[in-house]
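Dumped coords-v8.txt below, it's compact mmCIF, C-alpha atoms:
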# COMPACT_ATOMS: atom_id res chain seq x y z
CA MET D 237 22.64 39.27 35.13
CA LYS D 238 23.06 36.06 37.11
CA LYS D 239 19.34 35.38 36.79
CA ILE D 240 19.47 35.71 33.00
CA CYS D 241 22.47 33.37 32.73
CA PHE D 242 20.73 30.85 35.02
CA LEU D 243 17.56 31.06 32.93
CA ILE D 244 19.52 30.48 29.68
CA VAL D 245 21.33 27.44 31.14
CA LEU D 246 18.05 26.05 32.49
CA CYS D 247 16.29 26.42 29.11
CA ALA D 248 19.22 24.89 27.21
CA SER D 249 19.44 21.87 29.53
CA THR D 250 15.67 21.33 29.31
CA MET D 251 15.84 21.35 25.51
CA ILE D 252 18.75 18.89 25.50
CA LEU D 253 16.94 16.49 27.82
CA SER D 254 13.75 16.72 25.77
CA ALA D 255 15.64 15.99 22.55
CA GLN D 256 17.25 12.90 24.10
CA ASP D 257 13.86 11.61 25.24
CA TYR D 258 12.44 12.16 21.73
CA ASP D 259 15.26 10.16 20.12
CA HIS D 260 14.76 7.36 22.63
CA HIS D 261 11.09 6.97 21.63
CA ARG D 262 11.93 7.14 17.93
CA ASP D 263 14.50 4.34 18.24
CA ARG D 264 12.09 2.18 20.23
CA ASP D 265 9.42 2.39 17.51
CA ARG D 266 11.90 2.05 14.66
CA ASN D 267 11.09 -1.65 14.04
CA GLN D 268 7.34 -1.16 14.09
CA PRO D 269 5.87 0.24 10.86
CA PRO D 270 2.65 2.25 10.73
CA GLY D 271 -0.56 0.22 10.66
CA VAL D 272 -1.19 1.13 7.02
CA VAL D 273 2.08 -0.59 6.01
CA ILE D 274 1.17 -3.79 7.86
CA LYS D 275 -2.33 -3.72 6.36
CA SER D 276 -0.95 -3.32 2.81
CA TYR D 277 1.50 -6.19 3.34
CA HIS D 278 -1.22 -8.57 4.57
CA LYS D 279 -3.50 -7.56 1.71
CA GLU D 280 -0.83 -8.27 -0.94
CA PHE D 281 0.85 -11.28 0.67
CA LYS D 282 -1.88 -13.32 2.31
CA GLY D 283 -0.79 -16.29 4.38
CA TYR D 284 2.75 -15.15 5.15
CA GLY D 285 2.26 -14.43 8.85
CA ASN D 286 3.58 -11.56 10.89
CA PRO D 287 6.97 -10.51 9.53
CA THR D 288 9.84 -8.75 11.22
CA TRP D 289 10.31 -5.21 9.94
CA ASP D 290 13.22 -2.82 9.71
CA MET D 291 13.72 0.65 8.29
CA GLN D 292 16.14 0.98 5.35
CA ASN D 293 16.62 4.25 3.45
CA ASN D 294 13.33 5.64 4.76
CA GLU D 295 11.45 2.55 3.54
CA TRP D 296 9.93 -0.27 5.55
CA HIS D 297 11.51 -3.62 4.66
CA THR D 298 10.54 -7.21 5.42
CA LYS D 299 11.43 -10.66 4.10
CA TYR D 300 9.50 -13.85 3.64
CA MET D 301 10.04 -17.27 2.10
CA ASP D 302 7.99 -17.73 -1.08
CA LYS D 303 6.34 -21.11 -0.55
CA GLY D 304 5.05 -21.25 -4.12
CA ASN D 305 8.47 -20.60 -5.64
CA GLY D 306 10.82 -23.13 -4.06
CA ASN D 307 11.09 -21.35 -0.70
CA ARG D 308 13.15 -18.53 -2.17
CA ASN D 309 13.75 -15.32 -0.24
CA VAL D 310 11.61 -12.33 -1.14
CA ASP D 311 12.32 -8.77 0.04
CA VAL D 312 9.46 -6.27 0.12
CA TYR D 313 9.77 -2.50 0.60
CA TYR D 314 6.97 -0.05 1.47
CA ASP D 315 6.86 3.69 2.00
CA THR D 316 5.34 5.12 5.19
CA TYR D 317 1.96 5.45 3.46
CA GLY D 318 1.68 1.71 2.78
CA ARG D 319 2.53 1.86 -0.93
CA ARG D 320 4.75 -0.96 -2.12
CA ILE D 321 7.97 0.49 -3.52
CA GLN D 322 9.73 -2.67 -4.64
CA THR D 323 9.69 -6.46 -4.44
CA GLY D 324 12.87 -8.42 -4.99
CA ARG D 325 13.13 -12.18 -5.15
CA GLU D 326 15.92 -14.67 -5.57
CA TRP D 327 15.78 -16.00 -9.12
CA ASP D 328 17.08 -19.21 -10.62
CA PRO D 329 19.63 -18.22 -13.32
CA VAL D 330 18.33 -21.04 -15.53
CA ARG D 331 14.92 -19.30 -15.58
CA LEU D 332 16.35 -15.99 -16.80
CA PRO D 333 15.05 -14.89 -20.21
CA ALA D 334 17.34 -15.94 -23.08
CA PRO D 335 18.33 -12.32 -23.96
CA VAL D 336 19.57 -11.82 -20.38
CA ARG D 337 21.65 -15.00 -20.39
CA ASP D 338 23.03 -14.13 -23.83
CA ARG D 339 24.05 -10.62 -22.69
CA ILE D 340 25.89 -11.99 -19.66
CA SER D 341 27.67 -14.61 -21.74
CA ARG D 342 28.64 -12.27 -24.60
CA LYS D 343 29.63 -9.14 -22.67
CA TYR D 344 30.97 -10.57 -19.43
CA HIS D 345 32.02 -14.07 -20.56
CA GLU D 346 30.52 -15.41 -17.36
CA GLU D 347 28.54 -18.59 -16.83
CA ASN D 348 28.53 -18.60 -13.02
CA TYR D 349 26.32 -15.92 -11.45
CA SER D 350 23.35 -15.36 -9.15
CA ALA D 351 20.18 -13.50 -10.07
CA TYR D 352 17.58 -11.44 -8.25
CA ARG D 353 14.36 -10.24 -9.93
CA ILE D 354 13.29 -6.70 -9.01
CA GLU D 355 9.69 -5.59 -9.55
CA ARG D 356 8.32 -2.08 -9.03
CA PRO D 357 4.66 -1.14 -9.38
CA GLY D 358 3.97 0.37 -12.79
CA LYS D 359 7.41 -0.45 -14.19
CA ARG D 360 8.94 -3.35 -16.09
CA PRO D 361 10.78 -5.92 -14.00
CA PHE D 362 14.54 -6.26 -14.31
CA PHE D 363 17.26 -8.49 -12.91
CA GLN D 364 20.16 -7.82 -10.60
CA VAL D 365 22.90 -10.23 -11.68
CA THR D 366 25.94 -10.77 -9.48
CA LEU D 367 28.90 -12.19 -11.34
CA ALA D 368 30.72 -14.87 -9.34
CA ALA D 369 34.22 -14.07 -10.61
CA ASN D 370 34.44 -10.49 -9.33
CA ARG D 371 31.14 -9.99 -7.40
CA LYS D 372 30.20 -7.21 -9.83
CA MET D 373 26.49 -6.36 -9.93
CA ILE D 374 24.79 -5.52 -13.19
CA TYR D 375 21.15 -4.71 -13.89
CA ILE D 376 19.50 -6.08 -17.02
CA ASP D 377 15.91 -5.86 -18.26
CA GLU D 378 14.03 -8.82 -19.76
CA ARG D 379 15.21 -7.83 -23.26
CA GLY D 380 18.90 -8.09 -22.32
CA ARG D 381 19.59 -4.36 -22.06
CA GLU D 382 21.49 -2.97 -19.12
CA VAL D 383 19.49 -0.54 -17.02
CA ARG D 384 20.25 1.90 -14.23
CA TYR D 385 19.15 1.01 -10.75
CA TYR D 386 18.43 3.88 -8.42
Produce structure tokens that represent the structure in this file.
Amino acid sequence: MKKICFLIVLCASTMILSAQDYDHHRDRDRNQPPGVVIKSYHKEFKGYGNPTWDMQNNEWHTKYMDKGNGNRNVDVYYDTYGRRIQTGREWDPVRLPAPVRDRISRKYHEENYSAYRIERPGKRPFFQVTLAANRKMIYIDERGREVRYY
């Protein structure tokens, strides 16, 4: 009986130690995306160097400064297979389409806000607008209609 108890304790402790070692390696590689992600990024965004990556909601995320657009921040998200999920860029509120500006003015009576353009492959772009008065975020398509963001 003692031998069986010893064997059970030995197996359990070995499994626990192995699981800890596995987590350690996973955390170490957490900021390094698969090669296919890096390759896709360099193919789509030539000339933007070697970015710093992090994992957010099971997607690889990086940022760069868009030299051709007034050095505005751009966030790019990829899945683990190297497919771009989303690109988001800071947007000048003055450059928003007229229907978007009209919607914000009419519905929210707000003239002070920040904007962020969100683009997804195969879908129409839309804007994340953050109202300055209460920091509320709304999502509006180019035609001035509110959309769901998920």
Margin query: Just the number, please: distance in Å from CA of Trp327 (chain D) to CA of Tyr352 (chain D), one decimal.
Written below: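 Interatomic distance, CA of Trp327 (chain D) to CA of Tyr352 (chain D): 5.0 Å.
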Check: Do you have the CA of Met373 (chain D)-CA of Val310 (chain D) distance handy?
Finding: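 Computed distance, CA of Met373 (chain D) to CA of Val310 (chain D), equals 18.3 Å.
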Item checked: Between CA of Thr323 (chain D) and CA of Asn286 (chain D), distance in Å (one decimal) -> 17.3 Å
Notebook entry, point to check: For Asp311 (chain D), which residue out of D:Arg379, D:Arg356, D:His345, D:Lys279 is the nearest one, using all atoms listed in the file?
Noted result: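 The shortest atom-to-atom distance to Asp311 (chain D) comes from D:Arg356.
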Next item on the list: Between D:Asp302, D:Asp290, D:Glu347, D:Asp338, single out the one closest to Arg381 (chain D), counting all atoms listed in the file.
Entry: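 With all atoms listed in the file as the atom set, the closest residue is D:Asp338.
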Next item on the list: Place a sphere of radius 7 Å on (11.6, -7.9, 2.8) in the file coordinates and name every protein, DNA or RNA residue with an atom inside or on its surface, counting only C-alpha atoms; give the answer as a list in words.
Entry: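 Those within range, by chain then number, are His297, Thr298, Lys299, Tyr300, Val310, Asp311, Val312 and Tyr313 of chain D.
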Check: Which of these, D:Glu355, D:Glu326, D:Glu295, D:Asp377, has the shortest distance to Ile340 (chain D) once you count only C-alpha atoms?
Finding: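 Ranking D:Glu355, D:Glu326, D:Glu295, D:Asp377 by distance to Ile340 (chain D), first place goes to D:Asp377.
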Next item on the list: Select, counting only C-alpha atoms, all protein, DNA and RNA residues no farther than 10 Å from (3.4, 2.6, 0.0) in file coordinates, and express the selection as a list in words.
Entry: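 All residues meeting the 10 Å criterion around (3.4, 2.6, 0.0) are Val272, Val273, Ser276, Tyr277, Glu295, Trp296, Tyr313, Tyr314, Asp315, Thr316, Tyr317, Gly318, Arg319, Arg320, Ile321 and Gln322 of chain D.
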Next item on the list: Have a look at D:Pro329, D:Pro361, D:Gly380, D:Asn307 and name the one nearest to Lys343 (chain D); count all atoms listed in the file.
Entry: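 Of D:Pro329, D:Pro361, D:Gly380, D:Asn307, the one nearest Lys343 (chain D), counting all atoms listed in the file, is D:Gly380.
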